[in-house]
Amino acid sequence: MAPIPTLKLNDGNEIPVLAYGFGTANFMGGVEDISKKTVMAIKNGYYHLDTAEAYANEAGTGAGIKASGVPREKLFVTTKVVGTINQDVAAALDESLKKLGLDYVDLYLVHVPFSAGSPEGLQEIWRQVEAAKAAGKAKSIGVSNFEKDDLEILFKTAKVIPAINQIEYHPYLQHGDLVDFNRKHGIAISAYSPLAAITAARPGPVDEVYAELAKKYGVTENDIALRWCIDQDIVAITTSASEQRLQGYLNNTFKFKLTPQEIERISELGRQKHYQGMGMQFMTTKYGNYKTGVKAP
């Protein structure tokens, strides 16, 4: 089993381009269940694991990491701090590390830009995340669900530019020029819900091209959806309870590449429809959103 290729970040660290994610389907999963899924993912070559304090399953991920027996240095572990009003980031990270059973994470993200109460609150959260990197508890630091205006707020006071911005990304949610804006500033992109056009938003305008390309390359439509991200140098975060499916992604996704014309065709058709998952609505309701005036409960 060949290792998953990596993408170089602006701090020189490398991130595997395919990750096993613990959001959505694994949200608030029991320790035993999440531990089993973690072991399954690692056993099948998914050394990039993506979790968050808000997913309430870091303890299960940590138990699985320990049970897998794979050396720490082989893994790439991402977790996230919500970034709420006056949140103590150092304490939050220590709690996450304790649950994960680790001394450091490879990537630490601010989960949402809008729950810190104000632009100044967000700048303070980022200052604390920078301190976590300086302390050696996070090798790389980044953000998640940040729009251009959120990044511009950070840029005013940041000493460290985020290494990556993790966003919901698929043909039906391409975010205008946000990806280009990140790249202009040296910020990589990772995509959660890369399969949404298949799993959540059918029928839609990309159905036909996904089917046609899957036939052409002898792979599944899911493989085409993942490749559409990876061929744009975007890290894809996926998940499955099926070992067979996870193996299929690894066996298929790296044995072919989409042509630039095929990538553009999917992108163009995708712009005909808009679909966004419930993630941001959930985070707004639970943690507040100063941009829309929603207060945390």
# chains A, B, ... in the order shown; residues from 1 in each chain; ligands from 1
call {"tool": "select_by_dssp", "arguments": {"residues": "range 177-255 of chain A", "states": "strand (DSSP E or B)", "output": "JSON, numbers by chain"}}
result
{"A": [188, 189, 190, 191, 192, 234, 235, 236, 237, 238]}
call {"tool": "write_last_selection", "arguments": {"atoms": "N, CA and C atoms", "output": "PDB file, in the first residue's frame"}}
result
ATOM      1  N   ALA A 188      -3.039  27.154   2.097  1.00  0.00           N
ATOM      2  CA  ALA A 188      -3.579  25.973   1.408  1.00  0.00           C
ATOM      3  C   ALA A 188      -5.060  25.802   1.767  1.00  0.00           C
ATOM      4  N   ILE A 189      -5.733  24.942   1.005  1.00  0.00           N
ATOM      5  CA  ILE A 189      -7.157  24.667   1.245  1.00  0.00           C
ATOM      6  C   ILE A 189      -7.343  23.183   1.534  1.00  0.00           C
ATOM      7  N   SER A 190      -8.168  22.880   2.543  1.00  0.00           N
ATOM      8  CA  SER A 190      -8.635  21.501   2.716  1.00  0.00           C
ATOM      9  C   SER A 190     -10.158  21.519   2.641  1.00  0.00           C
ATOM     10  N   ALA A 191     -10.700  20.433   2.109  1.00  0.00           N
ATOM     11  CA  ALA A 191     -12.136  20.359   1.826  1.00  0.00           C
ATOM     12  C   ALA A 191     -12.816  19.330   2.697  1.00  0.00           C
ATOM     13  N   TYR A 192     -13.825  19.783   3.463  1.00  0.00           N
ATOM     14  CA  TYR A 192     -14.703  18.792   4.091  1.00  0.00           C
ATOM     15  C   TYR A 192     -15.975  18.689   3.252  1.00  0.00           C
ATOM     16  N   ILE A 234      -6.095  20.522  -3.403  1.00  0.00           N
ATOM     17  CA  ILE A 234      -6.938  20.712  -2.223  1.00  0.00           C
ATOM     18  C   ILE A 234      -6.988  19.388  -1.458  1.00  0.00           C
ATOM     19  N   VAL A 235      -6.692  19.450  -0.166  1.00  0.00           N
ATOM     20  CA  VAL A 235      -6.730  18.256   0.684  1.00  0.00           C
ATOM     21  C   VAL A 235      -8.188  17.826   0.853  1.00  0.00           C
ATOM     22  N   ALA A 236      -8.459  16.545   0.672  1.00  0.00           N
ATOM     23  CA  ALA A 236      -9.834  16.041   0.776  1.00  0.00           C
ATOM     24  C   ALA A 236     -10.006  15.262   2.085  1.00  0.00           C
ATOM     25  N   ILE A 237     -11.049  15.631   2.841  1.00  0.00           N
ATOM     26  CA  ILE A 237     -11.352  14.955   4.109  1.00  0.00           C
ATOM     27  C   ILE A 237     -12.626  14.148   3.908  1.00  0.00           C
ATOM     28  N   THR A 238     -12.517  12.847   4.031  1.00  0.00           N
ATOM     29  CA  THR A 238     -13.687  11.997   3.831  1.00  0.00           C
ATOM     30  C   THR A 238     -13.853  11.075   5.031  1.00  0.00           C
TER      31      THR A 238
END
call {"tool": "residues_around", "arguments": {"residues": "range 130-133 of chain A", "least_positions_apart": "6", "cutoff": "10 Å", "atoms": "only C-alpha atoms", "output": "list of chain:residue names"}}
result
A:Val89, A:Ala90, A:Leu93, A:Asp94, A:Tyr104, A:Val105, A:Asp106, A:Leu107, A:Tyr108, A:Glu124, A:Lys139, A:Ser140, A:Ile141, A:Gly142, A:Ala158, A:Lys159, A:Val160, A:Ile161, A:Pro162
call {"tool": "write_last_selection", "arguments": {"atoms": "N, CA, C and O atoms", "output": "CSV table (one decimal), in the first residue's frame"}}
result
chain,number,residue,atom,x,y,z
A,89,VAL,N,-7.3,29.3,24.9
A,89,VAL,CA,-6.9,28.4,23.9
A,89,VAL,C,-5.9,27.4,24.4
A,89,VAL,O,-6.0,26.2,24.1
A,90,ALA,N,-5.0,27.8,25.3
A,90,ALA,CA,-4.0,26.9,25.9
A,90,ALA,C,-4.6,25.8,26.6
A,90,ALA,O,-4.3,24.6,26.5
A,93,LEU,N,-6.4,23.4,24.2
A,93,LEU,CA,-5.5,22.5,23.5
A,93,LEU,C,-5.0,21.4,24.5
A,93,LEU,O,-4.9,20.3,24.1
A,94,ASP,N,-4.7,21.8,25.7
A,94,ASP,CA,-4.2,20.8,26.7
A,94,ASP,C,-5.3,19.8,26.9
A,94,ASP,O,-4.9,18.6,27.0
A,104,TYR,N,1.6,16.7,21.1
A,104,TYR,CA,1.4,17.8,20.2
A,104,TYR,C,0.4,17.3,19.1
A,104,TYR,O,0.2,16.1,18.9
A,105,VAL,N,-0.2,18.3,18.4
A,105,VAL,CA,-0.9,17.9,17.2
A,105,VAL,C,-0.1,18.5,16.0
A,105,VAL,O,0.7,19.4,16.1
A,106,ASP,N,-0.4,17.9,14.8
A,106,ASP,CA,0.3,18.3,13.6
A,106,ASP,C,-0.3,19.6,13.0
A,106,ASP,O,0.4,20.4,12.4
A,107,LEU,N,-1.6,19.7,13.3
A,107,LEU,CA,-2.3,20.9,12.8
A,107,LEU,C,-3.4,21.3,13.8
A,107,LEU,O,-4.2,20.4,14.2
A,108,TYR,N,-3.4,22.6,14.1
A,108,TYR,CA,-4.4,23.1,15.1
A,108,TYR,C,-5.2,24.2,14.4
A,108,TYR,O,-4.5,25.2,13.9
A,124,GLU,N,-7.5,37.9,19.1
A,124,GLU,CA,-7.0,37.4,20.4
A,124,GLU,C,-6.9,35.9,20.3
A,124,GLU,O,-5.9,35.3,20.8
A,139,LYS,N,2.3,21.8,15.4
A,139,LYS,CA,3.4,22.0,14.4
A,139,LYS,C,3.0,23.0,13.4
A,139,LYS,O,3.8,23.8,12.9
A,140,SER,N,1.7,22.9,13.0
A,140,SER,CA,1.2,23.9,12.0
A,140,SER,C,-0.1,24.4,12.6
A,140,SER,O,-0.8,23.7,13.4
A,141,ILE,N,-0.5,25.7,12.2
A,141,ILE,CA,-1.7,26.3,12.7
A,141,ILE,C,-2.5,26.8,11.5
A,141,ILE,O,-1.9,27.2,10.5
A,142,GLY,N,-3.8,26.8,11.6
A,142,GLY,CA,-4.6,27.3,10.5
A,142,GLY,C,-6.0,27.7,11.0
A,142,GLY,O,-6.3,27.8,12.2
A,158,ALA,N,-1.8,39.3,12.8
A,158,ALA,CA,-1.1,38.0,12.8
A,158,ALA,C,0.4,38.1,12.7
A,158,ALA,O,0.9,38.9,11.8
A,159,LYS,N,1.1,37.4,13.5
A,159,LYS,CA,2.5,37.2,13.3
A,159,LYS,C,2.8,36.0,12.4
A,159,LYS,O,3.8,35.9,11.7
A,160,VAL,N,1.9,35.0,12.4
A,160,VAL,CA,2.0,33.8,11.6
A,160,VAL,C,0.8,33.7,10.7
A,160,VAL,O,-0.4,33.8,11.2
A,161,ILE,N,1.0,33.6,9.4
A,161,ILE,CA,-0.1,33.5,8.5
A,161,ILE,C,-0.6,32.0,8.6
A,161,ILE,O,0.2,31.1,8.6
A,162,PRO,N,-2.0,31.8,8.6
A,162,PRO,CA,-2.5,30.4,8.7
A,162,PRO,C,-1.9,29.6,7.5
A,162,PRO,O,-1.7,30.0,6.4
call {"tool": "residues_around", "arguments": {"residues": "Lys257 in chain A", "least_positions_apart": "4", "cutoff": "12 Å", "atoms": "only C-alpha atoms", "output": "MDAnalysis selection string"}}
result
chainID A and resid 213:214 216:217 219 223:233 252:253 261:263
call {"tool": "atom_distance", "arguments": {"atom1": "CA of Tyr249 in chain A", "atom2": "CA of Gly45 in chain A"}}
result
10.7 Å
call {"tool": "closest_residue", "arguments": {"among": "A:Val82, A:Val294, A:Asp177, A:Leu109", "to": "Gln281 in chain A", "atoms": "only C-alpha atoms"}}
result
A:Val294
call {"tool": "closest_residue", "arguments": {"among": "A:Gly21, A:Gly64, A:Gly69, A:Gly186", "to": "Lys8 in chain A", "atoms": "only C-alpha atoms"}}
result
A:Gly186
call {"tool": "atom_distance", "arguments": {"atom1": "CA of Ser144 in chain A", "atom2": "CA of Ile187 in chain A"}}
result
11.4 Å
call {"tool": "residues_around", "arguments": {"residues": "Ala2 in chain A", "least_positions_apart": "6", "cutoff": "12 Å", "atoms": "only C-alpha atoms", "output": "PyMOL selection string"}}
result
chain A and resi 44-46+247+250-255
call {"tool": "write_last_selection", "arguments": {"atoms": "N, CA and C atoms", "output": "short mmCIF file (atom, residue, chain, number, x, y, z; two decimals), in the first residue's frame"}}
result
data_model
loop_
_atom_site.label_atom_id
_atom_site.label_comp_id
_atom_site.auth_asym_id
_atom_site.auth_seq_id
_atom_site.Cartn_x
_atom_site.Cartn_y
_atom_site.Cartn_z
N ASN A 44 -5.79 0.96 7.40
CA ASN A 44 -5.93 1.04 5.94
C ASN A 44 -5.14 2.19 5.31
N GLY A 45 -4.21 2.75 6.09
CA GLY A 45 -3.29 3.74 5.51
C GLY A 45 -3.70 5.19 5.64
N TYR A 46 -4.82 5.43 6.36
CA TYR A 46 -5.25 6.82 6.58
C TYR A 46 -4.55 7.34 7.84
N GLN A 247 -10.67 1.34 1.51
CA GLN A 247 -9.64 0.68 0.70
C GLN A 247 -9.78 1.07 -0.77
N LEU A 250 -8.29 4.47 -1.54
CA LEU A 250 -6.83 4.44 -1.63
C LEU A 250 -6.36 3.73 -2.89
N ASN A 251 -7.04 2.64 -3.25
CA ASN A 251 -6.63 1.87 -4.43
C ASN A 251 -6.91 2.64 -5.73
N ASN A 252 -8.02 3.39 -5.74
CA ASN A 252 -8.43 4.04 -7.00
C ASN A 252 -7.98 5.49 -7.15
N THR A 253 -8.07 6.25 -6.07
CA THR A 253 -7.94 7.71 -6.19
C THR A 253 -6.57 8.14 -6.69
N PHE A 254 -5.55 7.34 -6.42
CA PHE A 254 -4.20 7.77 -6.81
C PHE A 254 -3.67 7.05 -8.04
N LYS A 255 -4.57 6.35 -8.73
CA LYS A 255 -4.09 5.65 -9.93
C LYS A 255 -4.47 6.40 -11.22
#
